[in-house]
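Trainee: Mind looking over this structure? Questions follow.
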Amino acid sequence: MTLEHQSHTGSPLAQAPLAHQLWQSGQLSLEDCQQAVQQAHQQRVPLMDWLQRHTPLNEQQLAQAAAKAYALPYDALDTLPPHLPDITDLPAGWALQHHVVPLQRTAEQLTIGIKSTHQLAILESLRFQLGVDIRPVMVPASRLEATLKLHVNSSATIDSIAPRQDRTTQQPIAPEAELNHLLAEACWHQASDIHLEPYQNHCRVRLRIDGQLHEWQMLDRDTLTRWINRIKIMAQLDIAETRRPQDGQMHFKDHHAATDMRISTLPTPWGEHLVLRLLGTTANHLALHQDALSQLGMTSTQYTQLKQALDQPQGLILVTGPTGSGKSTTLYSALQYLNQPERHLVTAEDPIEVHLTGVSQVSLQPQIGFTFAQALRAFLRQDPDVIMIGEMRDQETAEMAIRAAQTGHLVLSTLHTGAIAETLLRLRHWHLEGEQLASSLQLLMAQRLVRRLCQACRQPVTPTPQWREYLPEQAPPKIIYKAQGCPQCYGGYQGRLGLYHLAPMTPELRALILNDASPAALEAQLNEHETKPLRYQGLQQVIAGLTSLAEIDRVVPV
Ligand SMILES: [Zn+2]
C-alpha cells in the first residue's frame, strides 16, 4: 500500500487530488473546487466530508472520484458482504473505532474498505502492526457503516479491552500513538472537549460534540495513566502532583489537524479526571473567517442591525446568554469584522480562546489580581478604538466599561443573563443610572445555540394541535421534522444553529431605560410577537426544517 496519488504538477488544485478529479471530470467548477479546498482547510474537516455536506454530489459519486484520484479500487458494496474475515489479532472494537471495514484476507494481504482518503494514514500504521500488505478500497460511507453494523459487535465490553500488542515484536503498542490518534479524531469531529475519566472498575473517554457528551471508548487503567502522564508533560504540569487540581495549555499538531488545548485536572477517589478543551475548533473556527459575521445564522434584519451598531465610533454592545450559548463566537466574529489597520483593538479574556492577528489580547490572571477592571484601566492608557471585555462580572467592570463607551470607545462585552429585560435589570441592580445606560448602550443582544437536525435522517411529523398556541399569529406548518439518528450524525443532530434577539437603541427603548421603566414595560417594548423572541426565532427554524421542536423546548421552553 502506498499513500502516493497521481501528481498533477501545475494544476491549480495540485495539492488536492480529489478536487482536481472533480474539476477534470466536470462534476464541479474550478471555482467551486477551490472554495471547497479552502473551506475544508479552514474548518479543519476532511475535504470529502465538506463536499458531502455542501455540494449536491452524493456519497457514491464522491467515493468513485476519490478512488480515481488516489488510484484506488472502488466497491459500491451493493450487496453487503455475508461475512467478514477474521481480524481477532486486531484490538477489540478497532474497526468500529476507526470506521473502516475489513473485507478480505489472504496470508499476505488484508483488504480494507475506507470511506475517506483521510483514513489512509490509519491503514499505514496497521500495516506495521500486522506485518501484512494492506489493500485499501473506497466504499460509500453509508454502505461501510451498514456493514459494520451488520457484522461488528458494537458492545465491546470492558473485559475485551486487552493490552494492545505488536504482532511482530509481541510488545505493547505505544499508548502515545493511540493518544495522538484520539486527539486527531477529536479535531476531526470538531469536538470541543475531551474527558478522560477514571472509575473504580474501568476508565472512560468521552467527547463533547455539538454541545453534547458522547461515550467514545473504554480504557484499561494502565493506558489511562500513561495518557494522563504524557498530557501532563506536554502541558508542563507537575507529573508527581495528583492530589491537587492543575491547569495548563498544550499544542497538538499532526498531518490533518492542529489546535491549542487547555488542560485541567481534578483529583477523584479513582485517580485524576482530565478535561482537555480544544481551543480554535468547533464553533470557534467561524471566528477565523474574515466574513465570520455573516455566518452566524442571523436573519438579514439582525445582521444589518449588528453591523450598524459595530459601525458606530462609540458605545456599548452587550451579548447575553448562558454558558455555551455561543457568545464568544459572536464577539470574535464582531472583532474580525472590526479588525482593520486603521483601528486599534484590545481584548481582556479569561482565557484567550482564539488568537487574532492584529488584535492586542491579554489573558486575566485573577490569582495575581489582574482582573477585568484592572485590564480596562490599563487599556485606557493604550489609546484603543475597540475594547472587548470577556465578561462583565461586577459593578466595577460595568461602570468602567460604560465610562469607556461614553468617551470615544466601542466596547463589546458579555453578560451571563437570559433575556434582554433581565440584562437591563442586572445593570440597574449594579447602581448604574438610567441616564448612563441610555447614553452608552448601542445594542443589546440575547442568544442561544440549538442543535441542527441531520438532513440525512430527519423524520417528517405532523405538528400537534398545540402548535397553534406556540405561534398564534402564523398558520401552522403542514410538516415539521424530528431527530432520528444515522451513522453520519450523533443522535439525529449535526452542527448547531444560533438563535438571536437583537434590541438596537430606538428612541422608544432609550426613553424607557432613561426613566427606569418597569420590567413589564420593557418587555412590552422589546417583544414584537406574542411568542418570546428567542423561542419565536427557534420555531421559525423548526418550520424551516433545520431543528426539532424537542430541541427548541429544551433550550427555549414556553
Ligand atoms: Zn443522521
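Just remember, in the C-alpha cells the first chain shown is A, the second B, etc., residues are 1-based per chain, and ligands are 1-based in the order shown.
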Would you mind listing, for every residue of range 224-245 of chain A within 10 Å of range 258-272 of chain A, the two atoms forming the shortest contact and the distance between them in Å to one decimal, using only C-alpha atoms, sorted by chain and ascending residue number, as JSON lines?

Mentor:
{"residue": "A:Leu224", "atom": "CA", "partner": "A:Glu272", "partner_atom": "CA", "distance": 9.6}
{"residue": "A:Thr225", "atom": "CA", "partner": "A:Gly271", "partner_atom": "CA", "distance": 8.7}
{"residue": "A:Ile228", "atom": "CA", "partner": "A:Glu272", "partner_atom": "CA", "distance": 8.1}
{"residue": "A:Ile231", "atom": "CA", "partner": "A:Ile263", "partner_atom": "CA", "distance": 8.2}
{"residue": "A:Lys232", "atom": "CA", "partner": "A:Ile263", "partner_atom": "CA", "distance": 8.2}
{"residue": "A:Met234", "atom": "CA", "partner": "A:Ile263", "partner_atom": "CA", "distance": 9.9}
{"residue": "A:Ala235", "atom": "CA", "partner": "A:Ile263", "partner_atom": "CA", "distance": 7.1}
{"residue": "A:Leu237", "atom": "CA", "partner": "A:Ile263", "partner_atom": "CA", "distance": 9.2}
{"residue": "A:Glu241", "atom": "CA", "partner": "A:Pro267", "partner_atom": "CA", "distance": 9.7}
{"residue": "A:Thr242", "atom": "CA", "partner": "A:Pro267", "partner_atom": "CA", "distance": 6.4}
{"residue": "A:Arg243", "atom": "CA", "partner": "A:Pro267", "partner_atom": "CA", "distance": 5.4}
{"residue": "A:Arg244", "atom": "CA", "partner": "A:Pro267", "partner_atom": "CA", "distance": 6.2}
{"residue": "A:Pro245", "atom": "CA", "partner": "A:Leu266", "partner_atom": "CA", "distance": 4.8}

Trainee: Near Leu296 in chain A, counting only C-alpha atoms, which residues have an atom at most 9 Å away, once you skip same-chain residues fewer than 5 positions from it, shown as a ChimeraX atom specification?

Mentor: /A:286,303,329-330,333,497-498

Trainee: Hey, can you spit out that residue selection with N, CA, C and O atoms as a JSON list (two decimals), in the first residue's frame?

Mentor:
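The result, written out as again.json:
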[["chain", "number", "residue", "atom", "x", "y", "z"],
["A", 286, "LEU", "N", -15.31, 29.49, 13.11],
["A", 286, "LEU", "CA", -16.05, 30.57, 12.46],
["A", 286, "LEU", "C", -15.31, 31.88, 12.55],
["A", 286, "LEU", "O", -15.25, 32.65, 11.61],
["A", 303, "TYR", "N", -28.64, 40.90, 11.05],
["A", 303, "TYR", "CA", -27.29, 41.10, 10.55],
["A", 303, "TYR", "C", -27.03, 42.58, 10.30],
["A", 303, "TYR", "O", -25.99, 43.13, 10.69],
["A", 329, "THR", "N", -18.24, 33.21, 20.17],
["A", 329, "THR", "CA", -18.20, 33.17, 18.71],
["A", 329, "THR", "C", -18.71, 34.49, 18.13],
["A", 329, "THR", "O", -18.13, 35.05, 17.20],
["A", 330, "THR", "N", -19.80, 35.01, 18.71],
["A", 330, "THR", "CA", -20.34, 36.28, 18.24],
["A", 330, "THR", "C", -19.33, 37.40, 18.44],
["A", 330, "THR", "O", -19.08, 38.20, 17.53],
["A", 333, "SER", "N", -16.40, 37.05, 16.03],
["A", 333, "SER", "CA", -16.80, 37.40, 14.66],
["A", 333, "SER", "C", -16.90, 38.91, 14.51],
["A", 333, "SER", "O", -16.50, 39.47, 13.49],
["A", 497, "LEU", "N", -27.06, 25.75, 15.47],
["A", 497, "LEU", "CA", -27.67, 26.95, 14.90],
["A", 497, "LEU", "C", -27.77, 28.01, 15.99],
["A", 497, "LEU", "O", -28.10, 27.67, 17.12],
["A", 498, "GLY", "N", -27.55, 29.26, 15.65],
["A", 498, "GLY", "CA", -27.73, 30.33, 16.63],
["A", 498, "GLY", "C", -29.15, 30.87, 16.56],
["A", 498, "GLY", "O", -29.74, 30.97, 15.49]]

Trainee: Find the residues of chain A that sit at most 7 Å from ligand 1; for each, write down the nearest two atoms and how far apart they are in Å, to one decimal. Count only C-alpha atoms and all ligand atoms. Sort by chain, then by number going up, and give it as CSV.

Mentor:
residue,atom,partner,partner_atom_place_in_ligand_line,distance
A:Cys454,CA,ligand 1,1 (Zn),4.5
A:Gln455,CA,ligand 1,1 (Zn),6.6
A:Ala456,CA,ligand 1,1 (Zn),5.0
A:Cys457,CA,ligand 1,1 (Zn),4.2
A:Arg458,CA,ligand 1,1 (Zn),6.6
A:Gln484,CA,ligand 1,1 (Zn),6.6
A:Gly485,CA,ligand 1,1 (Zn),4.4
A:Cys486,CA,ligand 1,1 (Zn),4.0
A:Pro487,CA,ligand 1,1 (Zn),6.3
A:Gln488,CA,ligand 1,1 (Zn),5.2
A:Cys489,CA,ligand 1,1 (Zn),4.4
A:Tyr490,CA,ligand 1,1 (Zn),6.9
A:Gly492,CA,ligand 1,1 (Zn),4.6
A:Tyr493,CA,ligand 1,1 (Zn),6.4

Trainee: DSSP on the backbone: what in range 214-245 of chain A comes out strand (DSSP E), as a list in words?

Mentor: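 Taking range 214-245 of chain A and keeping strand (DSSP E) gives His214, Glu215, Trp216, Gln217, Met218 and Leu219 of chain A.
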
Trainee: Produce a file of the selected residues containing N, CA, C and O atoms, as a PDB file, in the first residue's frame.

Mentor:
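Listed below is the output, again_4.pdb:
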ATOM      1  N   HIS A 214     -20.467  12.450  24.295  1.00  0.00           N
ATOM      2  CA  HIS A 214     -20.653  11.133  23.689  1.00  0.00           C
ATOM      3  C   HIS A 214     -19.587  10.190  24.215  1.00  0.00           C
ATOM      4  O   HIS A 214     -18.414  10.545  24.258  1.00  0.00           O
ATOM      5  N   GLU A 215     -20.014   8.978  24.622  1.00  0.00           N
ATOM      6  CA  GLU A 215     -19.053   7.987  25.084  1.00  0.00           C
ATOM      7  C   GLU A 215     -18.214   7.555  23.889  1.00  0.00           C
ATOM      8  O   GLU A 215     -18.757   7.192  22.850  1.00  0.00           O
ATOM      9  N   TRP A 216     -16.889   7.611  24.020  1.00  0.00           N
ATOM     10  CA  TRP A 216     -16.040   7.373  22.861  1.00  0.00           C
ATOM     11  C   TRP A 216     -15.341   6.026  22.935  1.00  0.00           C
ATOM     12  O   TRP A 216     -15.374   5.235  22.024  1.00  0.00           O
ATOM     13  N   GLN A 217     -14.670   5.760  24.046  1.00  0.00           N
ATOM     14  CA  GLN A 217     -14.033   4.454  24.185  1.00  0.00           C
ATOM     15  C   GLN A 217     -13.761   4.158  25.650  1.00  0.00           C
ATOM     16  O   GLN A 217     -13.779   5.050  26.486  1.00  0.00           O
ATOM     17  N   MET A 218     -13.556   2.856  25.951  1.00  0.00           N
ATOM     18  CA  MET A 218     -13.202   2.424  27.291  1.00  0.00           C
ATOM     19  C   MET A 218     -11.709   2.097  27.302  1.00  0.00           C
ATOM     20  O   MET A 218     -11.163   1.646  26.294  1.00  0.00           O
ATOM     21  N   LEU A 219     -11.066   2.310  28.438  1.00  0.00           N
ATOM     22  CA  LEU A 219      -9.625   2.084  28.528  1.00  0.00           C
ATOM     23  C   LEU A 219      -9.312   1.253  29.757  1.00  0.00           C
ATOM     24  O   LEU A 219     -10.059   1.273  30.729  1.00  0.00           O
TER      25      LEU A 219
END

Trainee: Might you pull out every residue within 12 Å of Gln466 in chain A, with only C-alpha atoms counted and same-chain residues fewer than 5 positions away left off, and present them as a list in words?

Mentor: Leu471, Pro472, Pro476, Leu549 and Val558 of chain A

Trainee: To one decimal place, how far is CA of Cys187 in chain A from CA of Gln119 in chain A in Å?

Mentor: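 One can read the CA of Cys187 in chain A to CA of Gln119 in chain A distance as 14.1 Å.
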
Trainee: Which one of A:Ala184, A:Leu522, A:Leu539, A:Leu123 sits closest to Pro477 in chain A if you count only C-alpha atoms?

Mentor: A:Leu539

Trainee: Check the smallest atom-to-atom distance from each of A:Cys203, A:Val45, A:Ala292, A:Leu376 to Ala334 in chain A using only C-alpha atoms, then report the winner.

Mentor: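 Ranked by minimum distance to Ala334 in chain A, first place goes to A:Ala292.
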
Trainee: Just the residues within 10 Å of Asp311 in chain A, please, counting only C-alpha atoms, with nothing from its chain fewer than 3 positions along; format it as an MDAnalysis selection string.

Mentor: chainID A and resid 305:308 314 337:338 410

Trainee: I need the residues from that last selection saved to file as a PDB file, in the first residue's frame (with N, CA, C and O atoms), if you can.

Mentor:
ATOM      1  N   GLN A 305     -28.669  45.117  11.673  1.00  0.00           N
ATOM      2  CA  GLN A 305     -28.673  45.836  12.953  1.00  0.00           C
ATOM      3  C   GLN A 305     -27.332  45.696  13.671  1.00  0.00           C
ATOM      4  O   GLN A 305     -26.807  46.657  14.225  1.00  0.00           O
ATOM      5  N   LEU A 306     -26.769  44.486  13.640  1.00  0.00           N
ATOM      6  CA  LEU A 306     -25.488  44.271  14.310  1.00  0.00           C
ATOM      7  C   LEU A 306     -24.387  45.075  13.619  1.00  0.00           C
ATOM      8  O   LEU A 306     -23.578  45.736  14.267  1.00  0.00           O
ATOM      9  N   LYS A 307     -24.390  45.063  12.270  1.00  0.00           N
ATOM     10  CA  LYS A 307     -23.358  45.814  11.547  1.00  0.00           C
ATOM     11  C   LYS A 307     -23.476  47.311  11.818  1.00  0.00           C
ATOM     12  O   LYS A 307     -22.474  48.001  12.004  1.00  0.00           O
ATOM     13  N   GLN A 308     -24.740  47.809  11.869  1.00  0.00           N
ATOM     14  CA  GLN A 308     -24.928  49.238  12.148  1.00  0.00           C
ATOM     15  C   GLN A 308     -24.342  49.601  13.507  1.00  0.00           C
ATOM     16  O   GLN A 308     -23.697  50.638  13.659  1.00  0.00           O
ATOM     17  N   GLN A 314     -18.544  54.851  18.902  1.00  0.00           N
ATOM     18  CA  GLN A 314     -18.504  54.576  20.337  1.00  0.00           C
ATOM     19  C   GLN A 314     -19.816  53.968  20.809  1.00  0.00           C
ATOM     20  O   GLN A 314     -20.812  53.957  20.092  1.00  0.00           O
ATOM     21  N   TYR A 337     -14.703  41.476  12.134  1.00  0.00           N
ATOM     22  CA  TYR A 337     -15.312  42.486  11.267  1.00  0.00           C
ATOM     23  C   TYR A 337     -14.654  43.852  11.493  1.00  0.00           C
ATOM     24  O   TYR A 337     -14.423  44.614  10.565  1.00  0.00           O
ATOM     25  N   LEU A 338     -14.340  44.151  12.764  1.00  0.00           N
ATOM     26  CA  LEU A 338     -13.778  45.460  13.113  1.00  0.00           C
ATOM     27  C   LEU A 338     -12.271  45.529  12.891  1.00  0.00           C
ATOM     28  O   LEU A 338     -11.677  46.600  12.944  1.00  0.00           O
ATOM     29  N   LEU A 410     -15.574  51.977  21.281  1.00  0.00           N
ATOM     30  CA  LEU A 410     -16.605  50.971  21.064  1.00  0.00           C
ATOM     31  C   LEU A 410     -16.267  49.808  21.991  1.00  0.00           C
ATOM     32  O   LEU A 410     -15.170  49.247  21.912  1.00  0.00           O
TER      33      LEU A 410
END

Trainee: Nearest to Pro533 in chain A: which of A:Val556, A:Ala67, A:Met400, A:Leu51 is it, counting only C-alpha atoms?

Mentor: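 Of all the options, A:Val556 lies closest to Pro533 in chain A.
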
Trainee: Rounded to one decimal, what separation in Å do you get between CA of Gly131 in chain A and CA of Arg105 in chain A?

Mentor: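 Distance reported for this atom pair: 12.8 Å.
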
Trainee: Kindly give the distance, in Å, that separates CA of Ser142 in chain A and CA of Gln52 in chain A, rounded to a single decimal.

Mentor: 12.0 Å

Trainee: May I ask which of the residues A:Leu356, A:Val37, A:Ala503, A:Val275 is the closest one to Pro198 in chain A, counting only C-alpha atoms?

Mentor: A:Val275

Trainee: I'd like the contact shell of Val137 in chain A - 6 Å cut-off, only C-alpha atoms, skipping same-chain residues fewer than 2 positions apart - returned as a list of chain:residue names.

Mentor: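 Once the adjacent positions are removed, what remains is A:Pro73, A:Tyr74, A:Gly113.
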
Trainee: So, counting only C-alpha atoms, which residue among A:Arg204, A:His501, A:Lys115, A:Lys532 is closest to Pro140 in chain A?

Mentor: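 When distances to Pro140 in chain A are compared using only C-alpha atoms, the smallest one comes from A:Lys115.
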
Trainee: Please provide the set of residues having any atom within 12 Å of Thr117 in chain A, restricted to only C-alpha atoms, with same-chain residues fewer than 6 positions apart removed, written as a PyMOL selection string.

Mentor: chain A and resi 2-5+16-18+46-49+62-72+100+123-124+136-141+256
